[in-house]
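Trainee: One structure, pasted below without further comment.
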Amino acid sequence: MDKKFYITTAIPYVNDAPHIGHALEFVQADTVARYHRLLGEDVTLLSGADENALKNVRAAEQAGIETQTFVDKNAKLFQNLAEKLGVQFDIFQKGSDQEHHYPSSQKLWQLCQENGDIYKKSYTGLYCVGCEAFYTPEELNDKGECFEHPGKKLEELKEENYFFKLSKYQDQLINLIESDQYKIIPEFRKKEILSFLKSGLQDISISRTNERAKNWGVPVPNDPNQRIYVWFDALNIYQSGIGFGWDEEKYKKWWPADLHVIGKGIIRFHAVYWPAFLLSAKLALPKKLFVHEYLTVDGQKMSKTIGNVFDPLPLIEKYGADSVRYYLLARVSPFADGNFSAEKFKEVYNADLANGLGNLVSRVAKLCEQHNIKASTPSNVWCTDLEKFMGEFKFNEAIGVIWQLIHEADKKINEDKPWELSTEQVKPILEDLVNIIQAIAYNLKPFLPETAEKITKQFSGQIKSGPPLFPRLQ
RNA sequence: GCCAGGGUAGCUCAGUUGGUUAGAGCACCGGAUUCAUAAACCGGCGAUCGUGGGUUCGACCCCCACCCCUGGUACCA
């Protein structure tokens, strides 16, 4: 039996189309998944759609269509983006899936309930009728009004909800995270969560009335008047997608998750709420949480009001999935906000892909063609330190190691000047270069799968020159 | 306000336990070359290391103050 590796992306809200930030996360997760497949592990990559959020209901209302139709349509946009990026989701679990996800989430609820961690309590908060949402005082302007509806007074509203005893798990969580039994990467995020945990936890509300939820979402077991609050069921997509509550065999095989990949904005839900729910239900905890940062566009945060939300699809159409993957993996730090700009993209494309990788492959292929070189069987070994960097999620450094090979090969060609030599003299030199190219192709597989495949094909059997992998842009 | 992490060449970043002229890639300029996508290779330009003090024989690296940026500071109901 191969070792299993279960990895997930975050489950995005589907109240809008995906943007370049989603592409970043998809590509990171896919790269890790592909890498583990190459290590010979049995891998499942799950993504999905958080469809039960009230945001979706409102967005559907605005669009004037049924909520279900709306989320189905948007979920497809995310799946389409993944496909266009060469990202292979083995499972895409929808939150509105009544056949599997509903009973699964209700099961989680019941397990927590059996353990005595769910209780009813009334919640009092400031409610904006216009937004149909509660706000905390900090979220309001200096007049105490919400920003969407200035001039409108907020109501103090009271509502009975089910609460989860988060406070009960404070010490256990601190221990689990401190000891890395649930490992949070990078370290500064771990510290941030620990300081949050140590500041003391309050219980959280995990249900809404039907009225507030607009009758949308997973019903609370044995209470027809309430729906499960979206975070409780959205997190459970990680389990409902692999059989929890509907296929125990499957669930047993894959759970716990070996890795959750998420953005910094939702770390609390994944580092605190999620493990607490699982502890309460007496289920195994995920092993690792990798937290990436955000992308800015032209140095600014993406926002609808600024109007700079960047759609990656046209970019993929024009330059190919691997060009976009390369930028996101090699030129965006995994642990710091990265920037995306069209100029920078073009610069990187020309310097690294066209002039670097593409040109090296072209020149070696041509020389091999001229001297009738046949490729030997590739040896498929990882570059020095690549495994180390991958273990630390340093995709940019891992790729840097591959590019080191490219530069060395280019340098060697210039020194050896194979074009001045006879076929007999040049043969060992070219064979050496072919080995290097094959090594580059193999190491590229997790990052640029399509390109790796092309090179592997070109450098097997009789080697011939071909069209440029990455045509230079003017 | 408090907590955490940052401010190093035009841009993105490296800089080990403080120690000779602070590094790399990209961009830019020049040389040389042709196997290659006017690509590769070689060389050059380019940093008072946020500011002001201090410790030390010696600090980008330690201490103090200040300025600026980012994230967190929860029933995101």
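Residues are referred to by chain and number: the chain letter is A, B, ... according to the order shown in the structure tokens, the number counts from 1 in that chain, and ligands are numbered separately from 1 in the order shown.
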Determine, using only C-alpha atoms (C1' of nucleotides), which residues of chain B have any atom at most 8 Å from an atom of chain A, and tabulate each with its shortest atom pair and distance in Å to one decimal place, rows ordered by chain and then rising number, as a Markdown table.

Mentor:
| residue | atom | partner | partner_atom | distance |
| --- | --- | --- | --- | --- |
| B:A4 | C1' | A:Glu192 | CA | 6.8 |
| B:G5 | C1' | A:Phe188 | CA | 7.6 |
| B:C26 | C1' | A:Ala351 | CA | 7.6 |
| B:C35 | C1' | A:Arg363 | CA | 5.4 |
| B:A36 | C1' | A:Arg363 | CA | 4.0 |
| B:U37 | C1' | A:Arg472 | CA | 5.7 |
| B:A39 | C1' | A:Asn355 | CA | 5.5 |
| B:A40 | C1' | A:Asp410 | CA | 6.0 |
| B:C41 | C1' | A:Asn414 | CA | 5.9 |
| B:G72 | C1' | A:Glu192 | CA | 6.8 |
| B:C75 | C1' | A:Ile204 | CA | 5.0 |
| B:A77 | C1' | A:Phe134 | CA | 4.5 |

Trainee: Would you please extract all alpha helix (DSSP H) residues from region 279-414 of chain A, as assigned by DSSP on the backbone, and give them as a PyMOL selection string?

Mentor: chain A and resi 279-280+313-319+321-330+342-348+359-370+386-391+395-414

Trainee: List the spatial neighbours of region 45-54 of chain B as an MDAnalysis selection string - criterion: any atom at most 12 Å away, only C-alpha atoms (C1' of nucleotides), same-chain residues fewer than 4 positions off excluded.

Mentor: chainID B and resid 6:10 15 22:23 27:30 59:69

Trainee: If you keep N, CA and C atoms (P, O5', C5', C4', C3', O3' and C1' of nucleotides), can you produce a file of those selected residues as a compact mmCIF listing (two decimals), in the first residue's frame?

Mentor:
# COMPACT_ATOMS: atom_id res chain seq x y z
P G B 6 11.81 40.11 11.25
O5' G B 6 11.51 40.72 9.82
C5' G B 6 11.87 42.04 9.57
C4' G B 6 11.12 42.54 8.38
C3' G B 6 11.77 43.77 7.78
O3' G B 6 12.68 43.35 6.79
C1' G B 6 9.52 44.25 8.28
P G B 7 13.89 44.37 6.38
O5' G B 7 13.19 45.25 5.26
C5' G B 7 13.89 46.21 4.49
C4' G B 7 13.16 47.52 4.57
C3' G B 7 14.08 48.74 4.55
O3' G B 7 14.09 49.33 3.26
C1' G B 7 12.35 48.92 6.20
P U B 8 14.70 48.51 1.98
O5' U B 8 16.19 48.16 2.40
C5' U B 8 17.12 49.21 2.65
C4' U B 8 18.50 48.77 2.28
C3' U B 8 18.68 48.35 0.82
O3' U B 8 18.89 49.49 -0.01
C1' U B 8 19.64 46.70 2.20
P A B 9 18.08 49.67 -1.32
O5' A B 9 19.04 50.41 -2.37
C5' A B 9 18.62 50.58 -3.71
C4' A B 9 19.82 50.49 -4.61
C3' A B 9 19.49 50.25 -6.09
O3' A B 9 19.47 51.46 -6.83
C1' A B 9 21.36 48.97 -5.35
P G B 10 18.55 52.70 -6.41
O5' G B 10 17.73 52.96 -7.76
C5' G B 10 16.54 53.73 -7.75
C4' G B 10 15.53 53.10 -8.65
C3' G B 10 14.97 51.78 -8.11
O3' G B 10 13.83 52.01 -7.30
C1' G B 10 15.72 51.46 -10.34
P G B 15 18.83 35.57 4.43
O5' G B 15 20.40 35.79 4.39
C5' G B 15 21.04 36.31 5.51
C4' G B 15 22.43 36.74 5.12
C3' G B 15 23.06 37.67 6.13
O3' G B 15 23.71 36.94 7.13
C1' G B 15 23.15 38.69 4.04
P A B 22 32.02 47.08 1.09
O5' A B 22 31.51 45.69 0.53
C5' A B 22 31.44 44.58 1.39
C4' A B 22 30.03 44.03 1.38
C3' A B 22 29.39 43.92 -0.01
O3' A B 22 29.77 42.69 -0.57
C1' A B 22 27.84 44.80 1.57
P G B 23 30.58 42.63 -1.90
O5' G B 23 30.05 41.33 -2.65
C5' G B 23 29.01 41.45 -3.57
C4' G B 23 28.08 40.28 -3.41
C3' G B 23 27.07 40.17 -4.55
O3' G B 23 27.66 39.51 -5.66
C1' G B 23 25.95 40.02 -2.49
P A B 27 16.53 41.35 -18.11
O5' A B 27 16.31 42.89 -17.71
C5' A B 27 15.01 43.45 -17.76
C4' A B 27 15.08 44.90 -17.35
C3' A B 27 16.11 45.74 -18.11
O3' A B 27 15.59 46.20 -19.34
C1' A B 27 16.32 46.13 -15.79
P C B 28 16.55 46.30 -20.63
O5' C B 28 17.58 47.44 -20.20
C5' C B 28 17.13 48.77 -19.98
C4' C B 28 18.28 49.63 -19.52
C3' C B 28 19.54 49.53 -20.35
O3' C B 28 19.47 50.37 -21.50
C1' C B 28 20.12 49.35 -18.07
P C B 29 20.20 49.88 -22.87
O5' C B 29 21.74 50.16 -22.57
C5' C B 29 22.23 51.48 -22.46
C4' C B 29 23.71 51.45 -22.13
C3' C B 29 24.57 50.60 -23.05
O3' C B 29 24.93 51.29 -24.23
C1' C B 29 25.10 50.11 -20.80
P G B 30 25.26 50.44 -25.56
O5' G B 30 26.65 49.74 -25.21
C5' G B 30 27.86 50.51 -25.21
C4' G B 30 29.01 49.67 -24.72
C3' G B 30 29.38 48.45 -25.55
O3' G B 30 30.15 48.77 -26.68
C1' G B 30 29.36 47.87 -23.26
P A B 59 31.73 50.14 13.85
O5' A B 59 30.97 48.79 13.49
C5' A B 59 30.89 48.33 12.13
C4' A B 59 29.53 47.75 11.88
C3' A B 59 28.40 48.78 12.04
O3' A B 59 28.11 49.46 10.82
C1' A B 59 27.96 46.81 13.36
P C B 60 27.75 48.72 9.41
O5' C B 60 26.26 48.18 9.43
C5' C B 60 25.19 48.92 8.92
C4' C B 60 23.95 48.07 8.85
C3' C B 60 23.75 47.13 10.04
O3' C B 60 23.03 47.78 11.07
C1' C B 60 23.49 45.93 8.01
P C B 61 23.27 47.42 12.61
O5' C B 61 23.18 45.84 12.75
C5' C B 61 21.90 45.17 12.88
C4' C B 61 22.16 43.70 12.77
C3' C B 61 22.74 43.03 14.01
O3' C B 61 21.72 42.19 14.58
C1' C B 61 23.95 42.43 12.03
P C B 62 20.63 42.72 15.54
O5' C B 62 21.44 42.97 16.89
C5' C B 62 21.74 41.89 17.76
C4' C B 62 22.27 42.44 19.05
C3' C B 62 21.48 43.63 19.59
O3' C B 62 20.37 43.21 20.35
C1' C B 62 23.77 44.16 19.58
P C B 63 19.07 44.15 20.41
O5' C B 63 19.53 45.32 21.37
C5' C B 63 19.82 45.06 22.73
C4' C B 63 20.07 46.36 23.44
C3' C B 63 19.03 47.43 23.18
O3' C B 63 17.91 47.30 24.04
C1' C B 63 21.19 48.35 22.88
P C B 64 16.48 47.82 23.49
O5' C B 64 16.63 49.40 23.61
C5' C B 64 16.81 50.02 24.88
C4' C B 64 16.89 51.52 24.70
C3' C B 64 15.80 52.12 23.83
O3' C B 64 14.60 52.33 24.55
C1' C B 64 17.90 53.00 23.19
P A B 65 13.21 52.37 23.72
O5' A B 65 13.29 53.77 22.98
C5' A B 65 13.26 54.97 23.74
C4' A B 65 13.44 56.15 22.82
C3' A B 65 12.47 56.19 21.64
O3' A B 65 11.21 56.72 22.00
C1' A B 65 14.65 56.60 20.86
P C B 66 9.91 56.19 21.22
O5' C B 66 10.03 56.94 19.82
C5' C B 66 10.03 58.37 19.76
C4' C B 66 10.46 58.83 18.40
C3' C B 66 9.63 58.27 17.24
O3' C B 66 8.42 58.99 17.06
C1' C B 66 11.93 58.09 16.72
P C B 67 7.19 58.26 16.34
O5' C B 67 7.63 58.26 14.80
C5' C B 67 7.81 59.49 14.11
C4' C B 67 8.22 59.22 12.68
C3' C B 67 7.33 58.22 11.96
O3' C B 67 6.16 58.83 11.44
C1' C B 67 9.60 57.67 11.60
P C B 68 4.83 57.94 11.29
O5' C B 68 5.17 56.99 10.06
C5' C B 68 5.35 57.54 8.75
C4' C B 68 5.80 56.45 7.80
C3' C B 68 4.91 55.21 7.78
O3' C B 68 3.77 55.37 6.96
C1' C B 68 7.18 54.55 7.90
P C B 69 2.49 54.43 7.22
O5' C B 69 2.96 53.02 6.64
C5' C B 69 3.21 52.86 5.25
C4' C B 69 3.64 51.44 4.97
C3' C B 69 2.68 50.36 5.47
O3' C B 69 1.60 50.16 4.59
C1' C B 69 4.91 49.78 6.05

Trainee: So, counting only C-alpha atoms, which residue among A:Pro103, A:Pro378, A:Gly217, A:Pro312 is closest to Gly241 (chain A)?

Mentor: A:Pro103

Trainee: Just the number, please: distance in Å from CA of Trp216 (chain A) to CA of Glu159 (chain A), one decimal.

Mentor: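 CA of Trp216 (chain A) sits 17.6 Å away from CA of Glu159 (chain A).
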
Trainee: Which of these residues is nearest to Trp382 (chain A), using only C-alpha atoms: A:Asn396, A:Leu405, A:Leu176, A:Ala17?

Mentor: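 Using only C-alpha atoms, the shortest distance to Trp382 (chain A) belongs to A:Leu405.
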
Trainee: Quick one: residues within 12 Å of Pro224 (chain A), only C-alpha atoms (C1' of nucleotides) counted, chain neighbours fewer than 5 positions away excluded, as number ranges by chain?

Mentor: A: 207-211, 215, 217-219

Trainee: For those residues, write N, CA and C atoms to a file as a short mmCIF file (atom, residue, chain, number, x, y, z; two decimals), in the first residue's frame.

Mentor:
data_model
loop_
_atom_site.label_atom_id
_atom_site.label_comp_id
_atom_site.auth_asym_id
_atom_site.auth_seq_id
_atom_site.Cartn_x
_atom_site.Cartn_y
_atom_site.Cartn_z
N SER A 207 -25.09 28.71 14.65
CA SER A 207 -26.34 28.54 13.89
C SER A 207 -26.99 29.89 13.65
N ARG A 208 -27.95 29.91 12.75
CA ARG A 208 -28.74 31.10 12.44
C ARG A 208 -30.20 30.67 12.38
N THR A 209 -31.09 31.61 12.62
CA THR A 209 -32.49 31.27 12.41
C THR A 209 -32.74 31.10 10.91
N ASN A 210 -33.74 30.33 10.57
CA ASN A 210 -34.11 30.17 9.16
C ASN A 210 -34.33 31.51 8.50
N GLU A 211 -34.96 32.39 9.27
CA GLU A 211 -35.29 33.70 8.72
C GLU A 211 -34.02 34.43 8.29
N ASN A 215 -33.57 30.58 4.81
CA ASN A 215 -33.87 29.18 4.53
C ASN A 215 -32.81 28.53 3.64
N GLY A 217 -28.98 26.72 3.46
CA GLY A 217 -27.93 26.10 4.26
C GLY A 217 -28.37 24.80 4.89
N VAL A 218 -27.47 24.20 5.65
CA VAL A 218 -27.73 22.88 6.23
C VAL A 218 -28.60 23.03 7.48
N PRO A 219 -29.75 22.34 7.54
CA PRO A 219 -30.61 22.44 8.72
C PRO A 219 -29.94 21.86 9.96
#

Trainee: List the spatial neighbours of Tyr442 (chain A) as a list in words - criterion: any atom at most 9 Å away, only C-alpha atoms (C1' of nucleotides), same-chain residues fewer than 6 positions off excluded.

Mentor: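 My list of contacting residues is Pro378, Ser379, Asn380, Val381, Trp382, Ala452, Glu453 and Thr456 of chain A.
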
Trainee: Among region 289-440 of chain A, which residues does DSSP mark as strand (DSSP E) when it is run on the backbone? Keep the chain and numbering as in the structure and answer as a list in words.

Mentor: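 Residues of region 289-440 of chain A classed as strand (DSSP E): Leu289, Phe290, Val291, His292, Leu295, Thr296, Val297, Gln300, Lys301, Gly338, Asn339 and Phe340 of chain A.
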
Trainee: Would you save the residues of that selection, restricted to C-alpha atoms, as an mmCIF file, in the first residue's frame?

Mentor:
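New file out-v1.cif:
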data_model
loop_
_atom_site.group_PDB
_atom_site.id
_atom_site.type_symbol
_atom_site.label_atom_id
_atom_site.label_comp_id
_atom_site.auth_asym_id
_atom_site.auth_seq_id
_atom_site.Cartn_x
_atom_site.Cartn_y
_atom_site.Cartn_z
ATOM 1 C CA LEU A 289 -1.662 24.031 7.856
ATOM 2 C CA PHE A 290 0.206 26.030 5.245
ATOM 3 C CA VAL A 291 -0.784 29.695 5.242
ATOM 4 C CA HIS A 292 0.037 31.767 2.186
ATOM 5 C CA LEU A 295 -1.341 39.096 -3.995
ATOM 6 C CA THR A 296 -1.530 42.760 -4.753
ATOM 7 C CA VAL A 297 -2.082 44.079 -8.260
ATOM 8 C CA GLN A 300 -2.533 47.731 -4.492
ATOM 9 C CA LYS A 301 -4.880 45.429 -2.691
ATOM 10 C CA GLY A 338 3.487 39.355 -3.561
ATOM 11 C CA ASN A 339 2.728 41.739 -6.351
ATOM 12 C CA PHE A 340 1.370 41.090 -9.774
#
